[in-house]
Amino acid sequence: MAPRILLCGDVLGRLNQLFKRVSSVNKSAGPFDALLCVGQFFPDSPELVDELMTYIEGGSQIPLPTYFIGDYGVAAPKVLLAASKDSANRGFKMDGLKVCHNLYWLKGSGKFSLLGLSVAYLSGRKSSNAQQFGTYSQDDIDALRAIAEEPGTVDFGVTNRAATSDIPAGFSDSIGSDSTISELVQEIKPRYHIAGTKGIYYAREPYSNVDAVHVTRFIGLASVGNRDKQKFIHAISPTPASTMSSTEIAMKTTNTTLSPYTFVEKRTSPKDTTKRSNDGISDSQYWRYDVSQKRHKHEAGDSDKVCFKFVSSGSCPRGEKCNFRHDMDAREQYMRGVCFDFLNKGKCERGPDCNFKHSLQDEGDRHPSRRPGSETRSSRSKECWFCLSSPNVESHLIISIGENYYLALAKGPLVEDHVLIIPVEHMPSTLSMSSESELEILKFQNSLKRYCKNQEKEVIFFEWISIRSTHANLQAIPIPSSKAVMVEKVFNLAAQKLGFKFVAKKFDNISDGRKFLKTQIDGNSSLFYAEIPGGTILLHHVEEKERFPAQFGREVLAGLLNMADNADWRNREHSKDEEMKIVEDFKSRFEEYDPNC
């Protein structure tokens, strides 16, 4: 079982508030194995010293093993000097000097194993004046550079401040970034970089590393008790890299960006940054769609992977120079409708978005006249996540059922009240449904708009219609009304980064808009459309060879809402019990708007 770790930002001596929150989280979602604190651990003012010393002297108990690196603040020299002199802390200890029961000081820099997780850390702040406590030295930096040369992948990189390249343009002053940490993170390449970001919580999209197959995720945590109530505790349960296969290590999510370090020299001027921030949209949130930037194609382990060109077409123009395997057995399975990711990695993470089979097929299952994924509607419905007759349907997610459509909670919802409008029949798109059923979907849409308007929100509807014909679902994601004015601009910016331009049409009502959309279905290309506030429809025909993210709509809205970590639905998964409670809560709120009640 993967270790369960809590992460925390600047504590600032507020231990009562911290451990009250830790105990609450531990009780509701635990048990957790350890707590890692980044940023300043000690108080900013003498008023909190007594509270700190109550724990140090044993009057109050620390509920789980707690590690900190922010060795500065009021009372820090006194406490840390006493810990340094303790005979139990003598010698070369990278796994923390014991300050009191369950409290450990990660001094200087080093790397240690925490429940199987490889943790590299840099304690203290950058300073030109060498001090005994609270700053890091050139020796500490050199030690970490030596660690970067060691074999193996570092799971956690723990620093007090963020790397300059980890944070959006215009935030460096308020968050408190450190250029030295930028250099170290670039060399060490941890799977997770955790830092204190003063009063701000920020999690950027995962990014690819140069000369490494794994991605890095940055998590910046706010300070305990911050006035804006930004997130200061984050729970995480990563599998240690040392136990993962090379394929698992190399897996990337759909919202993975290029390494920010390739763009450091291209950062915009402060003047340009100020201009963009006034628009309320940071261009850096969407540069992951820049198709002019090429990913590294020949990373370690490529020779073990199967060539998609060969598997899908039977030939590869690179021939023997290709870095991937030309596997005829894999091609046979692909022609029988088996998912390429399943063949290549042994598993597929697309869930309901995948239209292919996830088991090897016997020769008799082959249908040469069909393209993979074009099984009959009845055979697909048996495996479909959305067909009510399927054994795979998660009926506890259903909110309301009509004659032709039903409403269900989205799996791993981006935000509260993120729902799907789904045809009862196994159909490839809501636009291919009969004209008689159109009235019902319009009722659902209008009901959701009224429901959200009462909460000072607007709804964005969007649908990804693939020529591979999955079971249709129209996504409905609420956003604050204050963000509505930015929606079209954000979608257009993301489209520009992918290299296309939306067709935009404005209509007086949803019904007229959907009548127009129905004329755009030709069966020869995939289609993405979004219905946004103000009656505008954004439409894009996706050609067969065009690379288009299946989660495009969700990723764009995650950027708009500054929820990059939620772009991947798997990061928002709930237990079945939690999902049932969410559904019941939504039903009670939505009941007066539900067209089927």
# chains A, B, ... in the order shown; residues from 1 in each chain; ligands from 1
>>> residues_around(residues="Phe590 (chain A)", least_positions_apart="5", cutoff="12 Å", atoms="only C-alpha atoms", output="PyMOL selection string")
chain A and resi 399-400+407+417+419+444+447-452+454-455+583-585+595-597
>>> closest_residue(among="A:Cys387, A:Val11, A:Met251, A:Ile421", to="Pro43 (chain A)", atoms="only C-alpha atoms")
A:Val11
>>> select_by_dssp(residues="region 20-59 of chain A", states="helix (DSSP H, G or I)", output="PyMOL selection string")
chain A and resi 20-29+46-56
>>> write_last_selection(atoms="N, CA, C and O atoms", output="short mmCIF file (atom, residue, chain, number, x, y, z; two decimals), in the first residue's frame")
data_model
loop_
_atom_site.label_atom_id
_atom_site.label_comp_id
_atom_site.auth_asym_id
_atom_site.auth_seq_id
_atom_site.Cartn_x
_atom_site.Cartn_y
_atom_site.Cartn_z
N LYS A 20 -4.83 20.78 14.86
CA LYS A 20 -6.28 20.61 14.90
C LYS A 20 -6.78 20.19 13.53
O LYS A 20 -7.62 19.29 13.39
N ARG A 21 -6.23 20.87 12.49
CA ARG A 21 -6.61 20.53 11.11
C ARG A 21 -6.10 19.14 10.73
O ARG A 21 -6.80 18.35 10.10
N VAL A 22 -4.88 18.83 11.12
CA VAL A 22 -4.29 17.52 10.83
C VAL A 22 -5.12 16.41 11.47
O VAL A 22 -5.43 15.39 10.84
N SER A 23 -5.51 16.60 12.71
CA SER A 23 -6.32 15.59 13.41
C SER A 23 -7.67 15.41 12.74
O SER A 23 -8.18 14.29 12.62
N SER A 24 -8.25 16.51 12.27
CA SER A 24 -9.54 16.45 11.58
C SER A 24 -9.42 15.67 10.27
O SER A 24 -10.24 14.80 9.97
N VAL A 25 -8.39 15.99 9.50
CA VAL A 25 -8.17 15.29 8.21
C VAL A 25 -7.84 13.82 8.46
O VAL A 25 -8.32 12.93 7.75
N ASN A 26 -7.04 13.59 9.47
CA ASN A 26 -6.66 12.21 9.80
C ASN A 26 -7.87 11.38 10.19
O ASN A 26 -7.98 10.19 9.86
N LYS A 27 -8.81 12.01 10.89
CA LYS A 27 -10.01 11.30 11.33
C LYS A 27 -10.97 11.04 10.17
O LYS A 27 -11.56 9.95 10.06
N SER A 28 -11.11 12.01 9.25
CA SER A 28 -12.09 11.88 8.16
C SER A 28 -11.54 11.11 6.96
O SER A 28 -12.29 10.42 6.27
N ALA A 29 -10.24 11.23 6.68
CA ALA A 29 -9.69 10.62 5.47
C ALA A 29 -8.45 9.78 5.72
O ALA A 29 -7.85 9.28 4.78
N PRO A 46 6.78 37.09 18.89
CA PRO A 46 6.95 36.43 20.20
C PRO A 46 5.64 35.90 20.79
O PRO A 46 5.67 35.01 21.66
N GLU A 47 4.50 36.41 20.33
CA GLU A 47 3.21 36.02 20.92
C GLU A 47 2.94 34.52 20.78
O GLU A 47 2.20 33.94 21.59
N LEU A 48 3.52 33.88 19.78
CA LEU A 48 3.22 32.46 19.54
C LEU A 48 4.30 31.52 20.09
O LEU A 48 4.21 30.31 19.91
N VAL A 49 5.31 32.08 20.74
CA VAL A 49 6.40 31.24 21.25
C VAL A 49 5.90 30.27 22.32
O VAL A 49 6.28 29.08 22.34
N ASP A 50 5.03 30.73 23.21
CA ASP A 50 4.52 29.84 24.27
C ASP A 50 3.77 28.66 23.67
O ASP A 50 3.88 27.52 24.15
N GLU A 51 2.99 28.93 22.63
CA GLU A 51 2.25 27.86 21.95
C GLU A 51 3.21 26.83 21.36
O GLU A 51 3.03 25.62 21.50
N LEU A 52 4.28 27.32 20.72
CA LEU A 52 5.30 26.44 20.16
C LEU A 52 5.97 25.60 21.25
O LEU A 52 6.10 24.37 21.11
N MET A 53 6.36 26.25 22.33
CA MET A 53 7.11 25.55 23.38
C MET A 53 6.26 24.53 24.12
O MET A 53 6.80 23.56 24.67
N THR A 54 4.94 24.70 24.11
CA THR A 54 4.06 23.70 24.73
C THR A 54 4.24 22.34 24.05
O THR A 54 4.25 21.29 24.72
N TYR A 55 4.43 22.36 22.75
CA TYR A 55 4.65 21.10 22.01
C TYR A 55 6.10 20.62 22.19
O TYR A 55 6.34 19.41 22.38
N ILE A 56 7.06 21.55 22.12
CA ILE A 56 8.47 21.18 22.23
C ILE A 56 8.74 20.52 23.59
O ILE A 56 9.49 19.54 23.70
#
>>> atom_distance(atom1="CA of Leu35 (chain A)", atom2="CA of Ala143 (chain A)")
24.2 Å
>>> decode(residues="region 55-80 of chain A", atoms="N, CA and C atoms", output="JSON list (two decimals), in the first residue's frame")
[["chain", "number", "residue", "atom", "x", "y", "z"],
["A", 55, "TYR", "N", 4.43, 22.36, 22.75],
["A", 55, "TYR", "CA", 4.65, 21.10, 22.01],
["A", 55, "TYR", "C", 6.10, 20.62, 22.19],
["A", 56, "ILE", "N", 7.06, 21.55, 22.12],
["A", 56, "ILE", "CA", 8.47, 21.18, 22.23],
["A", 56, "ILE", "C", 8.74, 20.52, 23.59],
["A", 57, "GLU", "N", 8.09, 21.06, 24.63],
["A", 57, "GLU", "CA", 8.35, 20.58, 25.99],
["A", 57, "GLU", "C", 7.42, 19.43, 26.40],
["A", 58, "GLY", "N", 6.54, 19.01, 25.51],
["A", 58, "GLY", "CA", 5.72, 17.82, 25.77],
["A", 58, "GLY", "C", 4.38, 18.08, 26.41],
["A", 59, "GLY", "N", 4.01, 19.35, 26.61],
["A", 59, "GLY", "CA", 2.70, 19.65, 27.20],
["A", 59, "GLY", "C", 1.56, 19.30, 26.26],
["A", 60, "SER", "N", 1.77, 19.44, 24.96],
["A", 60, "SER", "CA", 0.80, 19.04, 23.93],
["A", 60, "SER", "C", 1.47, 18.03, 23.01],
["A", 61, "GLN", "N", 0.69, 17.12, 22.50],
["A", 61, "GLN", "CA", 1.25, 16.04, 21.69],
["A", 61, "GLN", "C", 1.10, 16.31, 20.19],
["A", 62, "ILE", "N", 2.15, 15.97, 19.45],
["A", 62, "ILE", "CA", 2.12, 16.03, 17.98],
["A", 62, "ILE", "C", 1.57, 14.71, 17.48],
["A", 63, "PRO", "N", 0.46, 14.71, 16.71],
["A", 63, "PRO", "CA", -0.27, 13.48, 16.43],
["A", 63, "PRO", "C", 0.38, 12.49, 15.47],
["A", 64, "LEU", "N", 1.34, 12.92, 14.65],
["A", 64, "LEU", "CA", 2.00, 11.99, 13.72],
["A", 64, "LEU", "C", 3.39, 12.52, 13.40],
["A", 65, "PRO", "N", 4.31, 11.67, 12.92],
["A", 65, "PRO", "CA", 5.66, 12.12, 12.62],
["A", 65, "PRO", "C", 5.66, 13.33, 11.68],
["A", 66, "THR", "N", 6.29, 14.41, 12.13],
["A", 66, "THR", "CA", 6.27, 15.68, 11.39],
["A", 66, "THR", "C", 7.69, 16.13, 11.09],
["A", 67, "TYR", "N", 7.93, 16.46, 9.80],
["A", 67, "TYR", "CA", 9.26, 16.89, 9.36],
["A", 67, "TYR", "C", 9.17, 18.32, 8.85],
["A", 68, "PHE", "N", 10.16, 19.17, 9.21],
["A", 68, "PHE", "CA", 10.13, 20.55, 8.74],
["A", 68, "PHE", "C", 11.51, 20.97, 8.24],
["A", 69, "ILE", "N", 11.51, 21.97, 7.34],
["A", 69, "ILE", "CA", 12.77, 22.50, 6.80],
["A", 69, "ILE", "C", 12.91, 24.00, 7.03],
["A", 70, "GLY", "N", 11.83, 24.67, 7.42],
["A", 70, "GLY", "CA", 11.87, 26.13, 7.60],
["A", 70, "GLY", "C", 12.45, 26.51, 8.94],
["A", 71, "ASP", "N", 13.78, 26.37, 9.08],
["A", 71, "ASP", "CA", 14.43, 26.52, 10.40],
["A", 71, "ASP", "C", 14.77, 27.97, 10.70],
["A", 72, "TYR", "N", 13.78, 28.85, 10.61],
["A", 72, "TYR", "CA", 13.99, 30.26, 10.93],
["A", 72, "TYR", "C", 12.71, 30.84, 11.52],
["A", 73, "GLY", "N", 12.86, 31.99, 12.17],
["A", 73, "GLY", "CA", 11.76, 32.62, 12.87],
["A", 73, "GLY", "C", 12.09, 32.80, 14.35],
["A", 74, "VAL", "N", 11.16, 33.41, 15.10],
["A", 74, "VAL", "CA", 11.36, 33.65, 16.52],
["A", 74, "VAL", "C", 11.49, 32.31, 17.26],
["A", 75, "ALA", "N", 12.49, 32.21, 18.13],
["A", 75, "ALA", "CA", 12.77, 31.02, 18.96],
["A", 75, "ALA", "C", 13.46, 29.90, 18.20],
["A", 76, "ALA", "N", 13.65, 30.05, 16.89],
["A", 76, "ALA", "CA", 14.32, 28.98, 16.12],
["A", 76, "ALA", "C", 15.74, 28.70, 16.64],
["A", 77, "PRO", "N", 16.60, 29.70, 16.83],
["A", 77, "PRO", "CA", 17.97, 29.41, 17.30],
["A", 77, "PRO", "C", 17.99, 28.65, 18.63],
["A", 78, "LYS", "N", 17.14, 29.07, 19.57],
["A", 78, "LYS", "CA", 17.11, 28.42, 20.89],
["A", 78, "LYS", "C", 16.72, 26.95, 20.77],
["A", 79, "VAL", "N", 15.65, 26.69, 20.05],
["A", 79, "VAL", "CA", 15.14, 25.31, 19.94],
["A", 79, "VAL", "C", 16.12, 24.44, 19.16],
["A", 80, "LEU", "N", 16.63, 24.95, 18.05],
["A", 80, "LEU", "CA", 17.48, 24.14, 17.18],
["A", 80, "LEU", "C", 18.88, 23.93, 17.76]]
